[in-house]
Amino acid sequence: MSPRLLRWLLPLLLAALLLAGWQALHHALPPERRFLFPDLPRLGEAFRLHGATLLAATRYTALAALGGFALSAVVSVAVSLLLASSGLVRIALYPYLMALQMVPVIIVAPILILWVGPGAPSVVIITFLITFFPLVVNTTQGLLSVDRAHLDLFRMGRAAPWQEMLLLRAPAALPYFFTGLRISAILAPIGALTADYLVGTSSGGRSGLGITALLFSARNEIPALYATALVGCALGFVLVAAVSGLSWLVLHRWHDSHAGGDK
Amino acid sequence: MLHASSDPSQPAATTGEPLIRFEAVSKRFDACASPILAPLDLTIPAGQFVAILGPSGCGKSTLLRLLSGLTEPTAGRIVVDGHPPGQGDDLAYVFQDATLLPWLRVDANVETLLRLRRVPAAERARRRDAALALVRLADKARAYPRQLSGGQKMRVSLARALATEPRILLLDEPFGALDEMTRDRLGEELLAIRERQRWTALFVTHSVSEAVFLADRVLVLAPRPGRVAHDLRVGLPYPRNHDTRLTPEYLRLVAEVSAHLRAVDPEASVSGS
């Protein structure tokens with residue numbers, strides 16, 4: 001069997017097994033506990049019943065995740081260039097960058113609501129806060145991890161600092177940047193969903209997956225909650241796949257992480 | 001571009017103004033007690049091909065790095081083509097590794113140094129094509145470095161240096177990582193290129209046969225502190241080719257230089273006794 005086929009078949013096989021196990025568990029539980037692992041047909045029904053709500057919420061959360069993610073990517077590149085260009089800036093700024101990641105979102109959320117109001121702006125900012133650190137750490141690392149011999153080559157060629165940054169450090173950092181991007185792509189939908197849960201609003205019928213989950217949970221609609229979780233997962237997969245595709249496009253010609261792209 | 005050529009049979013002193021001059025140059029790194037280079041006096045006339053041999057730690061690479069301005073001497077003065085090191089555009093460096101930028105195709109790699117010097121695009125393209133033709137890799141212009149063999153990568157690296165049309169070529173064990181066949185062939189190609197572009201070369205190597213085959217002057221350095229122990233002329237006529245390696249004069253010179261090298265290498269004398 002070709003390894004390519006196997007790559008699709010094995011996860012699918014596992015999915016079938018898991019679903020069967022789930023269904024078995026449902027029937028094995030005493031009737032009053034069965035709601036914890038709802039009957040699979042009921043799960044399907046939840047998708048059908050709440051499809052429109054889930055779709056709208058997914059759209060909202062996806063946009064917020066993308067917004068925070070994009071903001072994070074742009075700002076992290078700018079900050080990384082700044083960090084890589086000066087050791088003093090690096091020493092001065094680094095603790096605060098870490099602090100940015102360590103800030104407990106639950107505590108920031110009410111403050112953010114006071115600053116920029118509830119809803120989309122707050123969600124985007126929280127997503128940004130969650131996805132920023134891995135990006136900036138990886139990109140800076142990449143900008144600084146330049147081959148010593150390449151640096152000598154550029155020094156010999158008497159490259160200006162901006163030439164060294166743009167023609168040497170930036171391309172050398174691309175694989176690191178994409179590593180950060182992939183980690184952040186996983187974090188972004190979770191971040192947006194959590195943020196929506198904390199600072200989202202349901203006013204005007206424009207709510208994300210977090211608020212939707214909150215409503216389902218309040219109404220004790222367990223199958224619908226599972227459906228929401230699955231949709232959130234799918235969102236993460238789509239974003240990671242998009243980033244992986246982009247990474248392949250940019251790197252496959254020259255970088256070993258995408259071996260087999262040549263010839 | 002053609003440069004003044006020197007007749008290998010003439011002693012260096014009579015060739016006129018030397019292209020490279022070391023005046024009592026010493027180099028010491030902070031941590032080390034003994035200097036890496038003792039006060040060193042050396043003149044190299046234009047057009048000469050100088051091979052530099054010596055055991056590790058005798059400052060061979062330091063010599064090249066000083067010339068290129070990558071490091072500063074602790075004392076003394078270096079004049080390269082009439083100015084201090086690292087100021088003119090007349091010097092090119094070929095490193096131990098090919099040091100190609102993996103994200104650029106071969107043609108863009110060859111243009112890298114020209115781009116840093118803001119050479120206009122048309123002129124860049126002309127020099128790039130000429131350099132790639134010299135190393136016989138015109139058909140690989142659109143390839144990425146990882147698609148090339150070790151020997152091809154080194155030839156691209158050489159083309160990148162030649163594209164700057166240097167007066168002085170510094171080569172720091174450029175063929176050291178290659179197998180012997182490739183190494184010999186690249187040596188022959190390097191000499192063929194020199195027939196057409198008369199640059200001055202300083203070629204650091206660990207191989208006595210390579211040094212004798214390529215150079216018209218061989219410097220044997222002694223270590224701790226680094227100093228010139230022997231300064232030999234190689235009278236073998238150019239153009240040299242595979243047959244040169246079979247001549248008695250070549251074999252005699254290889255034996256002589258080997259003996260000198262053994263004499264200055266403290267580790268060799270220990271194991272030899």
# chains A, B, ... in the order shown; residues from 1 in each chain; ligands from 1

$ residues_around --residues "A:Ala195" --least-positions-apart "2" --cutoff "12 Å" --atoms "only C-alpha atoms" --output "MDAnalysis selection string"
chainID A and resid 61 64:65 68 104:110 112:113 118:130 187:193 197:201 207:211

$ residues_around --residues "B:Leu232" --least-positions-apart "5" --cutoff "9 Å" --atoms "only C-alpha atoms" --output "list of chain:residue names"
B:Asp216, B:Arg217, B:Val218, B:Leu219, B:Val220, B:Val257

$ interface_residues --of "chain B" --to "chain A" --cutoff "9 Å" --atoms "only C-alpha atoms" --output "ChimeraX atom specification"
/B:68-70,86-87,89,92-97,99-105,112-114,116-117,144-147

$ atom_distance --atom1 "atom CA of B:Thr43" --atom2 "atom CA of B:Arg21"
4.5 Å

$ select_by_dssp --residues "stretch 115-170 of chain B" --states "helix (DSSP H, G or I)" --output "NGL selection string"
:B and (115-116 or 121-134 or 138-140 or 145-147 or 150-162)

$ closest_residue --among "A:Ala70, A:Ala78, A:Ala229, A:Leu10" --to "A:Thr140" --atoms "only C-alpha atoms"
A:Ala78

$ atom_distance --atom1 "atom CA of B:Arg227" --atom2 "atom CA of B:Gly59"
8.2 Å

$ atom_distance --atom1 "atom CA of B:Thr244" --atom2 "atom CA of B:Ala163"
28.8 Å

$ residues_around --residues "B:Gly151" --least-positions-apart "4" --cutoff "9 Å" --atoms "only C-alpha atoms" --output "list in words"
Arg155, Val156, Phe175, Leu178, Asp179, Thr182, Arg183 and Leu186 of chain B

$ residues_around --residues "B:Leu67" --least-positions-apart "4" --cutoff "8 Å" --atoms "only C-alpha atoms" --output "PyMOL selection string"
chain B and resi 63+78+80+85-86

$ residues_around --residues "stretch 40-52 of chain A" --least-positions-apart "5" --cutoff "9 Å" --atoms "only C-alpha atoms" --output "PyMOL selection string"
chain A and resi 19+22-23+26+57+221-228
